[in-house]
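Asks: This is data-v7.cif (mmCIF, C-alpha atoms and all ligand atoms).
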```
data_final
#
loop_
_atom_site.label_atom_id
_atom_site.label_comp_id
_atom_site.auth_asym_id
_atom_site.auth_seq_id
_atom_site.Cartn_x
_atom_site.Cartn_y
_atom_site.Cartn_z
CA MET K 261 23.73 -7.79 12.83
CA GLN K 262 20.55 -5.82 13.56
CA LYS K 263 17.72 -8.05 14.80
CA PRO K 264 14.65 -7.93 12.50
CA LEU K 265 12.21 -6.63 15.13
CA SER K 266 14.64 -4.55 17.10
CA GLY K 267 12.97 -1.44 18.53
CA LYS K 268 9.47 -2.83 17.93
CA ASN K 269 6.90 -2.92 20.73
CA ILE K 270 4.50 -5.81 20.39
CA VAL K 271 1.43 -6.78 22.40
CA LEU K 272 1.00 -10.55 22.56
CA GLY K 273 -2.63 -11.37 23.32
CA VAL K 274 -3.21 -14.86 24.70
CA THR K 275 -6.67 -16.41 25.02
CA GLY K 276 -7.92 -19.63 26.59
CA ALA K 277 -6.98 -22.44 24.20
CA VAL K 278 -4.54 -25.33 24.52
CA ALA K 279 -2.31 -23.74 21.85
CA ALA K 280 -1.34 -21.14 24.49
CA TYR K 281 1.65 -23.41 25.16
CA LYS K 282 2.87 -22.69 21.60
CA SER K 283 2.64 -18.96 22.32
CA VAL K 284 5.31 -19.42 24.96
CA TYR K 285 7.62 -20.33 22.04
CA LEU K 286 6.23 -17.44 20.03
CA LEU K 287 7.12 -15.09 22.89
CA ARG K 288 10.65 -16.47 22.93
CA LEU K 289 10.98 -15.98 19.16
CA LEU K 290 9.67 -12.41 19.38
CA VAL K 291 12.15 -11.54 22.12
CA LYS K 292 14.96 -13.22 20.18
CA ALA K 293 14.01 -11.15 17.13
CA GLY K 294 14.59 -8.02 19.21
CA ALA K 295 10.98 -7.09 20.07
CA SER K 296 9.86 -5.77 23.42
CA VAL K 297 6.72 -7.76 24.27
CA GLN K 298 3.83 -6.98 26.59
CA VAL K 299 1.65 -10.03 27.22
CA ILE K 300 -2.07 -9.48 27.73
CA GLY K 301 -3.96 -12.61 28.68
CA THR K 302 -7.64 -13.34 29.19
CA GLN K 303 -8.74 -14.83 32.52
CA ASN K 304 -9.37 -18.13 30.71
CA SER K 305 -5.80 -18.21 29.40
CA LEU K 306 -4.63 -18.58 32.99
CA ASN K 307 -6.09 -22.10 32.97
CA PHE K 308 -3.39 -23.02 30.46
CA ILE K 309 -0.29 -20.92 31.21
CA GLY K 310 0.40 -19.04 34.44
CA ARG K 311 1.65 -15.49 35.07
CA ALA K 312 5.17 -16.55 36.04
CA THR K 313 5.94 -18.06 32.63
CA TRP K 314 4.95 -14.89 30.74
CA GLU K 315 6.70 -12.66 33.22
CA SER K 316 10.00 -14.48 33.19
CA LEU K 317 10.15 -14.79 29.39
CA SER K 318 9.00 -11.25 28.51
CA GLY K 319 10.65 -9.47 31.43
CA LYS K 320 7.38 -7.57 31.99
CA VAL K 321 4.39 -8.11 34.25
CA PRO K 322 1.67 -9.74 32.11
CA LEU K 323 -1.70 -7.96 32.22
CA PHE K 324 -5.08 -9.63 32.63
CA ASP K 325 -7.36 -6.93 34.00
CA THR K 326 -8.53 -3.62 32.48
CA PHE K 327 -7.79 -1.73 35.70
CA GLU K 328 -4.42 -3.36 36.25
CA THR K 329 -2.54 -0.67 34.27
CA LYS K 330 -1.68 1.72 37.07
CA ASP K 331 0.22 4.61 35.43
CA PRO K 332 -2.09 7.61 36.16
CA SER K 333 -0.58 9.73 33.38
CA HIS K 334 -1.88 7.41 30.67
CA ILE K 335 -4.99 5.48 29.90
CA GLY K 336 -3.44 2.04 29.85
CA HIS K 337 -5.61 0.20 27.35
CA ILE K 338 -5.43 3.06 24.82
CA MET K 339 -1.63 3.13 25.01
CA LEU K 340 -1.48 -0.62 24.56
CA ALA K 341 -3.76 -0.35 21.52
CA GLN K 342 -2.17 2.64 19.84
CA ASP K 343 1.38 3.24 21.04
CA VAL K 344 2.76 -0.17 20.11
CA ASP K 345 3.84 -1.36 16.65
CA ALA K 346 1.51 -4.37 16.40
CA ILE K 347 -0.77 -6.70 18.33
CA VAL K 348 -0.64 -10.48 17.84
CA VAL K 349 -3.43 -12.62 19.26
CA ALA K 350 -2.20 -16.21 19.53
CA PRO K 351 -4.05 -18.37 20.09
CA ALA K 352 -7.20 -16.54 19.07
CA THR K 353 -10.34 -18.36 20.19
CA ALA K 354 -13.70 -18.15 18.41
CA ASN K 355 -14.76 -15.99 21.36
CA ILE K 356 -12.14 -13.22 20.95
CA ILE K 357 -12.70 -13.16 17.17
CA ALA K 358 -16.47 -12.83 17.73
CA LYS K 359 -15.99 -10.06 20.29
CA THR K 360 -13.70 -8.16 17.90
CA ALA K 361 -16.20 -8.61 15.06
CA CYS K 362 -19.00 -7.14 17.22
CA GLY K 363 -16.92 -4.51 19.02
CA ILE K 364 -17.44 -6.05 22.46
CA ALA K 365 -14.98 -4.76 25.07
CA ASP K 366 -15.54 -6.64 28.34
CA ASP K 367 -11.97 -7.40 29.41
CA LEU K 368 -8.52 -5.90 28.83
CA LEU K 369 -7.64 -7.80 25.64
CA SER K 370 -10.99 -7.20 23.91
CA THR K 371 -10.88 -3.53 24.98
CA VAL K 372 -7.39 -3.12 23.53
CA LEU K 373 -8.55 -4.78 20.28
CA CYS K 374 -11.53 -2.41 20.12
CA ALA K 375 -9.24 0.62 20.43
CA ALA K 376 -6.48 -0.71 18.15
CA THR K 377 -5.13 1.60 15.46
CA VAL K 378 -2.03 -0.53 14.77
CA PRO K 379 -1.77 -3.75 12.71
CA VAL K 380 -3.41 -6.74 14.42
CA LEU K 381 -2.60 -10.35 13.57
CA PHE K 382 -4.92 -13.17 14.73
CA ALA K 383 -3.68 -16.76 14.83
CA PRO K 384 -6.88 -18.80 15.38
CA GLY K 385 -6.55 -22.01 17.37
CA MET K 386 -9.62 -24.14 18.14
CA ASN K 387 -11.50 -27.36 17.48
CA THR K 388 -12.48 -28.01 13.82
CA ALA K 389 -16.23 -27.77 14.43
CA MET K 390 -15.77 -24.43 16.20
CA TYR K 391 -13.48 -23.15 13.45
CA GLU K 392 -15.83 -24.23 10.68
CA ASN K 393 -18.94 -22.95 12.43
CA PRO K 394 -20.50 -20.47 9.97
CA ALA K 395 -20.66 -17.84 12.73
CA ASN K 396 -16.90 -18.09 13.28
CA LEU K 397 -16.09 -18.05 9.55
CA ASN K 398 -18.36 -15.03 9.16
CA ASN K 399 -16.64 -13.25 12.03
CA ILE K 400 -13.21 -13.96 10.50
CA LYS K 401 -14.47 -12.51 7.20
CA THR K 402 -15.81 -9.42 8.96
CA VAL K 403 -12.64 -8.77 10.95
CA SER K 404 -10.21 -9.50 8.11
CA GLY K 405 -12.13 -7.03 5.90
CA ARG K 406 -11.13 -4.22 8.25
CA ASN K 407 -8.10 -2.09 7.62
CA GLY K 408 -5.04 -3.33 9.51
CA PHE K 409 -6.53 -6.68 10.62
CA HIS K 410 -4.79 -9.85 9.42
CA PHE K 411 -5.21 -13.59 9.98
CA ILE K 412 -2.80 -16.48 9.73
CA GLU K 413 -4.78 -19.58 8.82
CA PRO K 414 -4.75 -22.52 11.20
CA GLY K 415 -3.27 -25.77 10.00
CA THR K 416 -4.95 -29.15 9.59
CA GLY K 417 -3.91 -32.06 11.76
CA GLU K 418 -4.30 -33.71 15.13
CA LEU K 419 -6.03 -31.52 17.69
CA ALA K 420 -5.79 -31.57 21.46
CA CYS K 421 -9.38 -32.82 21.74
CA GLY K 422 -8.34 -36.07 20.02
CA THR K 423 -9.96 -35.31 16.66
CA SER K 424 -8.23 -34.34 13.48
CA GLY K 425 -9.06 -31.42 11.17
CA LYS K 426 -8.57 -27.72 10.60
CA GLY K 427 -8.05 -25.53 13.64
CA ARG K 428 -4.49 -26.12 14.79
CA MET K 429 -2.85 -22.79 15.48
CA ALA K 430 -0.11 -21.87 12.97
CA GLU K 431 3.42 -22.64 14.10
CA PRO K 432 5.22 -19.90 16.08
CA GLY K 433 7.90 -19.48 13.37
CA ASP K 434 5.22 -18.89 10.72
CA ILE K 435 3.41 -16.40 12.94
CA LEU K 436 6.68 -14.50 13.47
CA LYS K 437 7.33 -14.47 9.70
CA LYS K 438 3.84 -13.17 8.94
CA LEU K 439 4.20 -10.46 11.59
CA THR K 440 7.59 -9.43 10.20
CA ASP K 441 6.12 -9.22 6.68
CA ILE K 442 3.34 -6.98 8.00
CA LEU K 443 5.72 -4.70 9.90
CA ILE K 444 8.55 -4.67 7.37
CA PRO K 445 6.99 -5.16 3.94
CA ALA K 446 9.06 -6.74 1.19
CA SER K 447 8.48 -3.49 -0.73
CA ASN K 448 10.75 -1.69 1.75
CA GLY K 449 13.44 0.31 0.00
CA ILE K 450 12.07 -0.14 -3.55
CA ARG K 451 12.94 3.01 -5.52
CA TRP K 452 9.84 4.54 -7.11
CA LEU K 453 9.69 7.34 -9.64
CA VAL K 454 6.14 8.62 -10.10
CA THR K 455 5.06 11.48 -12.34
CA GLY K 456 1.76 13.35 -12.17
CA GLY K 457 0.08 16.49 -13.40
CA ALA K 458 -0.10 18.26 -16.76
CA THR K 459 2.74 19.80 -18.74
CA ARG K 460 2.62 23.42 -19.93
CA GLU K 461 4.01 24.40 -23.32
CA TYR K 462 4.37 28.17 -23.46
CA LEU K 463 3.61 30.13 -26.65
CA ASP K 464 4.78 33.34 -25.07
CA PRO K 465 5.57 34.52 -21.53
CA VAL K 466 1.88 34.47 -20.49
CA ARG K 467 0.09 31.76 -22.46
CA PHE K 468 0.49 28.02 -22.56
CA ILE K 469 -1.03 24.80 -23.93
CA THR K 470 -2.03 22.28 -21.28
CA ASN K 471 -4.72 19.77 -20.27
CA GLY K 472 -7.00 19.14 -17.29
CA SER K 473 -4.94 16.54 -15.40
CA SER K 474 -4.72 17.46 -11.69
CA GLY K 475 -2.01 15.01 -10.63
CA LYS K 476 -4.27 13.49 -7.92
CA THR K 477 -3.79 9.90 -9.05
CA GLY K 478 -0.02 10.29 -9.26
CA LEU K 479 0.14 11.90 -5.82
CA SER K 480 -2.00 9.11 -4.32
CA ILE K 481 0.31 6.49 -5.86
CA ALA K 482 3.38 8.27 -4.45
CA LYS K 483 1.74 8.34 -0.99
CA GLU K 484 0.89 4.64 -1.23
CA ALA K 485 4.42 3.73 -2.34
CA SER K 486 5.85 5.70 0.54
CA LYS K 487 3.46 4.02 3.04
CA ARG K 488 4.86 0.69 1.82
CA GLY K 489 8.37 1.75 2.84
CA GLY K 490 9.43 2.77 -0.67
CA ASP K 491 12.09 5.33 -1.50
CA VAL K 492 9.85 7.61 -3.54
CA THR K 493 10.48 10.53 -5.89
CA PHE K 494 7.45 12.32 -7.29
CA ILE K 495 7.75 14.63 -10.25
CA GLY K 496 4.83 17.02 -9.91
CA ILE K 497 4.27 18.74 -13.23
CA ASN K 498 2.59 22.02 -12.29
CA VAL K 499 1.36 20.35 -9.10
CA GLU K 500 1.77 21.94 -5.66
CA GLU K 501 3.79 20.03 -3.07
CA PRO K 502 1.40 18.64 -0.43
CA ASP K 503 1.79 19.57 3.25
CA HIS K 504 3.86 17.12 5.31
CA CYS K 505 5.08 15.44 2.12
CA ALA K 506 6.65 12.08 3.00
CA PHE K 507 8.53 11.70 -0.31
CA ARG K 508 10.98 13.62 -2.51
CA PHE K 509 9.06 16.21 -4.53
CA ILE K 510 10.43 17.71 -7.74
CA LYS K 511 8.41 20.34 -9.55
CA THR K 512 8.60 20.69 -13.34
CA VAL K 513 6.70 22.68 -15.93
CA SER K 514 7.28 21.58 -19.53
CA THR K 515 7.61 18.25 -21.34
CA ALA K 516 11.28 18.91 -22.13
CA GLU K 517 12.10 19.70 -18.49
CA THR K 518 10.16 16.65 -17.25
CA ALA K 519 11.87 14.42 -19.82
CA GLY K 520 15.26 15.58 -18.56
CA ARG K 521 14.44 14.78 -14.92
CA VAL K 522 12.80 11.42 -15.66
CA LYS K 523 15.75 10.25 -17.78
CA GLU K 524 18.28 11.43 -15.21
CA LEU K 525 16.53 9.53 -12.38
CA SER K 526 15.46 6.47 -14.36
CA LYS K 527 18.77 4.58 -14.01
CA ASP K 528 18.26 4.37 -10.24
CA THR K 529 14.56 3.54 -10.43
CA ASP K 530 12.96 0.16 -9.71
CA ILE K 531 9.37 1.17 -10.51
CA LEU K 532 8.48 3.97 -12.93
CA ILE K 533 4.87 5.15 -13.02
CA MET K 534 4.14 7.74 -15.70
CA SER K 535 0.71 8.98 -14.72
CA ALA K 536 1.43 12.48 -16.02
CA ALA K 537 -0.53 13.88 -18.93
CA VAL K 538 2.23 15.02 -21.24
CA ALA K 539 1.81 17.33 -24.24
CA ASP K 540 2.66 15.73 -27.56
CA PHE K 541 3.17 19.08 -29.27
CA SER K 542 4.87 22.28 -28.33
CA PRO K 543 4.87 25.70 -30.01
CA GLU K 544 7.92 27.80 -30.72
CA LYS K 545 8.00 30.17 -27.73
CA SER K 546 7.90 33.88 -28.50
CA SER K 547 10.08 35.90 -26.11
CA SER K 548 7.47 38.65 -25.88
CA LYS K 549 3.69 38.52 -25.59
CA ILE K 550 2.04 37.73 -28.92
CA LYS K 551 -0.12 40.72 -29.82
CA LYS K 552 -3.50 40.15 -31.42
CA GLY K 553 -3.59 41.38 -34.98
CA ASP K 554 -6.70 41.65 -37.07
CA GLY K 555 -6.51 38.21 -38.64
CA PRO K 556 -6.39 34.66 -37.17
CA LEU K 557 -3.27 33.32 -35.45
CA THR K 558 -1.59 30.22 -36.82
CA LEU K 559 0.61 28.26 -34.43
CA GLN K 560 3.31 25.94 -35.66
CA LEU K 561 3.55 22.97 -33.24
CA HIS K 562 6.48 20.60 -33.01
CA ARG K 563 6.41 17.04 -31.67
CA THR K 564 7.73 16.73 -28.12
CA GLU K 565 9.87 13.87 -26.93
CA ASP K 566 7.97 10.72 -25.91
CA ILE K 567 9.34 10.48 -22.37
CA LEU K 568 8.43 6.83 -21.83
CA LYS K 569 9.86 5.72 -25.17
CA SER K 570 13.20 7.43 -24.61
CA THR K 571 13.44 6.48 -20.90
CA ILE K 572 12.74 2.76 -20.99
CA PRO K 573 15.97 1.81 -22.84
CA LEU K 574 17.89 3.57 -20.05
CA MET K 575 16.30 1.50 -17.28
CA LYS K 576 17.42 -1.79 -15.76
CA LYS K 577 15.75 -4.87 -17.33
CA SER K 578 14.42 -5.86 -13.92
CA SER K 579 12.63 -2.53 -13.43
CA VAL K 580 8.87 -2.09 -13.70
CA ARG K 581 7.41 0.37 -16.21
CA ILE K 582 3.82 1.52 -15.92
CA GLY K 583 2.10 3.99 -18.19
CA PHE K 584 -1.30 5.63 -18.35
CA ALA K 585 -3.45 6.16 -21.42
CA ALA K 586 -6.21 8.63 -22.09
CA GLU K 587 -8.45 7.68 -24.98
CA THR K 588 -11.74 8.87 -26.40
CA ASP K 589 -12.25 5.80 -28.65
CA ASN K 590 -11.28 2.12 -28.76
CA LEU K 591 -9.94 2.29 -25.21
CA VAL K 592 -8.62 -1.25 -24.83
CA GLU K 593 -7.30 -1.59 -28.37
CA ASN K 594 -5.43 1.74 -28.37
CA SER K 595 -4.09 1.29 -24.85
CA THR K 596 -2.88 -2.25 -25.58
CA LYS K 597 -1.03 -0.84 -28.61
CA LYS K 598 0.69 1.70 -26.32
CA LEU K 599 1.53 -1.09 -23.83
CA ARG K 600 3.32 -2.96 -26.63
CA GLU K 601 4.93 -0.04 -28.41
CA LYS K 602 6.22 1.66 -25.27
CA GLU K 603 7.39 -1.73 -23.87
CA LEU K 604 5.40 -1.36 -20.66
CA ASP K 605 4.52 -3.96 -18.01
CA MET K 606 1.14 -2.40 -17.37
CA ILE K 607 -1.02 0.46 -18.61
CA VAL K 608 -3.89 2.16 -16.81
CA ALA K 609 -6.45 3.02 -19.47
CA ASN K 610 -8.75 6.01 -18.93
CA LEU K 611 -11.77 6.67 -21.09
CA VAL K 612 -12.43 10.36 -21.69
CA SER K 613 -15.97 11.13 -22.84
CA LYS K 614 -18.82 13.58 -22.22
CA GLU K 615 -20.18 11.24 -19.52
CA HIS K 616 -16.81 10.35 -18.05
CA ASP K 617 -14.16 12.98 -17.39
CA PRO K 618 -11.40 11.62 -15.12
CA PHE K 619 -9.52 14.94 -14.99
CA GLY K 620 -9.68 16.60 -11.58
CA SER K 621 -12.35 14.22 -10.20
CA ASP K 622 -11.81 12.13 -7.03
CA ILE K 623 -13.48 9.10 -8.64
CA ASN K 624 -12.40 7.25 -11.76
CA THR K 625 -13.24 4.19 -13.85
CA VAL K 626 -10.24 2.57 -15.51
CA ILE K 627 -9.17 -0.62 -17.21
CA ILE K 628 -5.83 -1.98 -16.05
CA ILE K 629 -4.10 -3.81 -18.90
CA GLU K 630 -1.23 -6.18 -18.27
CA ARG K 631 0.31 -8.66 -20.65
CA SER K 632 -1.56 -11.38 -18.74
CA GLY K 633 -5.03 -9.81 -18.95
CA THR K 634 -7.29 -6.86 -18.13
CA LEU K 635 -9.13 -5.68 -15.03
CA LYS K 636 -11.98 -3.14 -15.05
CA LEU K 637 -12.28 -0.98 -11.94
CA GLU K 638 -15.49 1.04 -11.86
CA ASN K 639 -16.21 4.26 -9.93
CA MET K 640 -13.21 3.94 -7.70
CA ASP K 641 -11.89 6.53 -5.33
CA LYS K 642 -8.47 7.59 -6.67
CA LYS K 643 -6.86 6.62 -3.35
CA GLU K 644 -8.25 3.07 -3.62
CA LEU K 645 -7.12 2.95 -7.22
CA ALA K 646 -3.64 4.01 -6.13
CA GLU K 647 -3.55 1.09 -3.64
CA ILE K 648 -4.38 -1.40 -6.40
CA ILE K 649 -1.83 0.09 -8.80
CA ALA K 650 0.87 0.07 -6.09
CA ASP K 651 0.02 -3.56 -5.19
CA LYS K 652 0.29 -4.61 -8.82
CA ALA K 653 3.54 -2.68 -9.32
CA VAL K 654 5.13 -4.41 -6.31
CA LYS K 655 3.88 -7.81 -7.49
CA ILE K 656 5.43 -7.32 -10.94
CA TYR K 657 8.64 -6.11 -9.28
CA MET K 658 8.79 -9.23 -7.08
CA GLU K 659 8.18 -11.48 -10.11
CA LYS K 660 10.84 -9.75 -12.20
CA ASN K 661 13.31 -9.90 -9.35
CA GLU K 662 12.20 -13.37 -8.13
CA LYS K 663 11.74 -12.25 -4.54
N1 LIG K 701 3.80 10.00 -22.49
C1 LIG K 701 5.16 10.32 -22.50
N2 LIG K 701 5.64 11.29 -23.30
C2 LIG K 701 4.81 11.96 -24.14
C3 LIG K 701 3.43 11.62 -24.16
C4 LIG K 701 2.96 10.64 -23.31
O1 LIG K 701 5.92 9.69 -21.75
N3 LIG K 701 5.30 12.92 -24.93
C5 LIG K 701 3.34 8.93 -21.60
C6 LIG K 701 2.21 9.34 -20.67
O2 LIG K 701 2.70 9.81 -19.43
C7 LIG K 701 1.44 8.05 -20.51
C8 LIG K 701 1.64 7.34 -21.83
O3 LIG K 701 2.81 7.93 -22.42
O4 LIG K 701 1.96 7.25 -19.48
C9 LIG K 701 0.50 7.45 -22.78
O5 LIG K 701 0.12 8.80 -22.92
P1 LIG K 701 -1.10 9.25 -23.85
O6 LIG K 701 -1.19 10.73 -23.82
O7 LIG K 701 -2.32 8.45 -23.54
O8 LIG K 701 -0.67 8.74 -25.26
P2 LIG K 701 0.41 9.22 -26.30
O9 LIG K 701 1.57 8.28 -26.23
O10 LIG K 701 0.71 10.66 -26.13
O11 LIG K 701 -0.35 8.94 -27.66
P3 LIG K 701 -1.67 9.69 -28.27
O12 LIG K 701 -1.67 11.07 -27.69
O13 LIG K 701 -1.45 9.64 -29.73
O14 LIG K 701 -2.84 8.88 -27.83
#
```
Let me see the structure of the file written as structure tokens.
Replies:
Amino acid sequence: MQKPLSGKNIVLGVTGAVAAYKSVYLLRLLVKAGASVQVIGTQNSLNFIGRATWESLSGKVPLFDTFETKDPSHIGHIMLAQDVDAIVVAPATANIIAKTACGIADDLLSTVLCAATVPVLFAPGMNTAMYENPANLNNIKTVSGRNGFHFIEPGTGELACGTSGKGRMAEPGDILKKLTDILIPASNGIRWLVTGGATREYLDPVRFITNGSSGKTGLSIAKEASKRGGDVTFIGINVEEPDHCAFRFIKTVSTAETAGRVKELSKDTDILIMSAAVADFSPEKSSSKIKKGDGPLTLQLHRTEDILKSTIPLMKKSSVRIGFAAETDNLVENSTKKLREKELDMIVANLVSKEHDPFGSDINTVIIIERSGTLKLENMDKKELAEIIADKAVKIYMEKNEK
């Protein structure tokens, strides 16, 4: 059986706290899980665990000094910060957390943390008064607010200094689990079908009925889903395929064509997100260009298929169905009605007015409606919005599938 962290390169940062002895077990667990581990210690950590222990358990020379990395073809601390899969700092003292919060780089570990572009997990371990010191709590808040930085909370119990309280470093098994969840998210392999863009209903070979939807939100959701390890198909309705597209891209034009593709793919879909703006009416298409006569032109429009309504009965019960709504009046009331009638798990309600036109813009204000309640998100970048929608979709998926 493949080991969970096989092929992963991990930096294990060790600072000067008694819990360093527990990191010896953490190192063993990481190696057992298949990871290749480079230990970087602070000078103070050497007061607790010596070089020989790290070296014999990791099979690599542990590093303590910025200028210890000798390979002239690479800048050592940058490689350690950017060419690995993750950095775990265990135990993390108040000092290393404070240095990271302030961007201080005065030894190898703090320099690596300053240059890190990979996920970083801190496992604080210290005395209760130090942990609860407002400066430390503030620093934890600052660092955990940054992209890619995570913390595993210390436990409460007997501490090495003889007192009892919060500050005991998390157990090695829990640190390993948290790291694995960060590196291999539970959303791995979820099959997403996302639609975006605006349909075109042709009246003749040159003219069509459409709307102003750009497909930006749908594309951002597809990117997010793919970042989370999803198996993603995006149906771009009159949307250009982005460069270096990391997901399957299918281009469609009309409502009927889109309906066909969505229904065909829906049986193998875990999460469906219909962010596309679909025409509700379509004209009879003339095979040649309609010539202007002297009088007005009357178009006969027919109802198109409601893609969501006809797709949902084809999907697995455990799948997640998310729709979008564009409304000019009674936003919440009308969108909630669509949530119910289309049997959705969630609907993203967009208000369209003179003051607020979501089409084509990079910013949007929406109300997310779930059966459990509503959430208003104001003036959000569409990428940020996509993150929230993807998070919620995965959460509903986990609940429905009891993962
Ligand atoms: N939708 C669909 N098929 C259609 C029309 C809409 O699947 N023929 C989907 C949209 O992709 C969206 C949701 O239904 O996820 C709501 O779309 P919206 O245009 O807001 O509402 P409609 O259902 O078309 O109702 P109305 O136009 O009357 O508001």
Asks: Assuming 3 Å of padding per side, give the centre and edge lengths of the axis-aligned box around every listed atom of ligand LIG 701 (chain K), in Å to one decimal and as lines of an AutoDock Vina configuration file.
Replies:
```
center_x = 1.5
center_y = 10.1
center_z = -24.6
size_x = 14.8
size_y = 11.7
size_z = 16.3
```
Asks: Pick from K:Lys476, K:Lys636, K:Lys483, K:Lys282: nearest to K:Ala650, with all atoms listed in the file counted?
Replies: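 Looking only at the distances to K:Ala650, the closest residue turns out to be K:Lys483.
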Asks: Residues within 6 Å of ligand LIG 701 (chain K) (all atoms listed in the file), as a CSV table (one decimal) with C-alpha atoms, in the coordinates of the input?
Replies:
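To be explicit, this is the file written out as part-v2.csv:
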```
chain,number,residue,atom,x,y,z
K,534,MET,CA,4.1,7.7,-15.7
K,535,SER,CA,0.7,9.0,-14.7
K,536,ALA,CA,1.4,12.5,-16.0
K,537,ALA,CA,-0.5,13.9,-18.9
K,538,VAL,CA,2.2,15.0,-21.2
K,539,ALA,CA,1.8,17.3,-24.2
K,540,ASP,CA,2.7,15.7,-27.6
K,564,THR,CA,7.7,16.7,-28.1
K,565,GLU,CA,9.9,13.9,-26.9
K,566,ASP,CA,8.0,10.7,-25.9
K,567,ILE,CA,9.3,10.5,-22.4
K,568,LEU,CA,8.4,6.8,-21.8
K,583,GLY,CA,2.1,4.0,-18.2
K,584,PHE,CA,-1.3,5.6,-18.4
K,585,ALA,CA,-3.4,6.2,-21.4
K,586,ALA,CA,-6.2,8.6,-22.1
```
Asks: Atom CA of K:Glu587 and atom CA of K:Leu611, how far apart in Å?
Replies: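 A separation of 5.2 Å between them.
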Asks: Scan for residues within 12 Å of the point (-7.6, -19.4, 30.0) in the coordinates of the file, using all atoms listed in the file, and reply as a list in words.
Replies: Gly273, Val274, Thr275, Gly276, Ala277, Val278, Ala279, Ala280, Tyr281, Ile300, Gly301, Thr302, Gln303, Asn304, Ser305, Leu306, Asn307, Phe308, Ile309, Gly310, Arg311, Phe324, Pro351, Ala352, Thr353, Asn355 and Ile356 of chain K
Asks: Nearest residue to K:Ile442 out of K:Pro556, K:Pro322, K:Gly496, K:Pro379, using all atoms listed in the file?
Replies: K:Pro379
Asks: In terms of the shortest atom-to-atom distance over only C-alpha atoms, which of K:Ile435, K:Leu443, K:Met386, K:Leu369 is closest to K:Glu418?
Replies: K:Met386
Asks: Taking all atoms listed in the file into account, name the residue in K:Lys268, K:His504, K:Lys438, K:Arg428 that is nearest to K:His410.
Replies: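 Going through K:Lys268, K:His504, K:Lys438, K:Arg428 one by one, the smallest distance to K:His410 is for K:Lys438.
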Asks: Might you pull out every residue within 8 Å of stretch 392-396 of chain K, with all atoms listed in the file counted and same-chain residues fewer than 6 positions away left off, and present them as a PyMOL selection string?
Replies: chain K and resi 354+357-358
Asks: Deliver the residues from the most recent selection as a file, using C-alpha atoms, as a PDB file, in the frame of the given file.
Replies:
```pdb
ATOM      1  CA  ALA K 354     -13.700 -18.150  18.410  1.00  0.00           C
ATOM      2  CA  ILE K 357     -12.700 -13.160  17.170  1.00  0.00           C
ATOM      3  CA  ALA K 358     -16.470 -12.830  17.730  1.00  0.00           C
TER       4      ALA K 358
END
```
Asks: Give me, as JSON, numbers by chain, all polymer residues having an atom no more than 7 Å from stretch 293-298 of chain K, counting all atoms listed in the file and skipping those fewer than 5 positions away in the same chain.
Replies: {"K": [263, 264, 265, 266, 267, 268, 269, 270, 271, 272, 318, 320, 322]}
Asks: Give me stretch 465-475 of chain K with N, CA and C atoms filled in, as a short mmCIF file (atom, residue, chain, number, x, y, z; two decimals), keeping the file's coordinate frame.
Replies:
```cif
data_model
loop_
_atom_site.label_atom_id
_atom_site.label_comp_id
_atom_site.auth_asym_id
_atom_site.auth_seq_id
_atom_site.Cartn_x
_atom_site.Cartn_y
_atom_site.Cartn_z
N PRO K 465 5.38 34.51 -22.99
CA PRO K 465 5.57 34.52 -21.53
C PRO K 465 4.28 34.38 -20.70
N VAL K 466 3.11 34.56 -21.30
CA VAL K 466 1.88 34.47 -20.49
C VAL K 466 0.94 33.34 -20.86
N ARG K 467 1.08 32.76 -22.03
CA ARG K 467 0.09 31.76 -22.46
C ARG K 467 0.75 30.40 -22.66
N PHE K 468 -0.05 29.37 -22.36
CA PHE K 468 0.49 28.02 -22.56
C PHE K 468 -0.58 27.04 -23.00
N ILE K 469 -0.13 25.90 -23.56
CA ILE K 469 -1.03 24.80 -23.93
C ILE K 469 -0.91 23.76 -22.84
N THR K 470 -2.06 23.29 -22.34
CA THR K 470 -2.03 22.28 -21.28
C THR K 470 -3.26 21.38 -21.37
N ASN K 471 -3.52 20.61 -20.32
CA ASN K 471 -4.72 19.77 -20.27
C ASN K 471 -5.23 19.74 -18.83
N GLY K 472 -6.32 19.05 -18.59
CA GLY K 472 -7.00 19.14 -17.29
C GLY K 472 -6.50 18.20 -16.20
N SER K 473 -5.38 17.51 -16.43
CA SER K 473 -4.94 16.54 -15.40
C SER K 473 -4.49 17.27 -14.13
N SER K 474 -5.00 16.78 -12.97
CA SER K 474 -4.72 17.46 -11.69
C SER K 474 -3.50 16.89 -10.97
N GLY K 475 -3.12 15.66 -11.33
CA GLY K 475 -2.01 15.01 -10.63
C GLY K 475 -2.45 14.23 -9.41
#
```
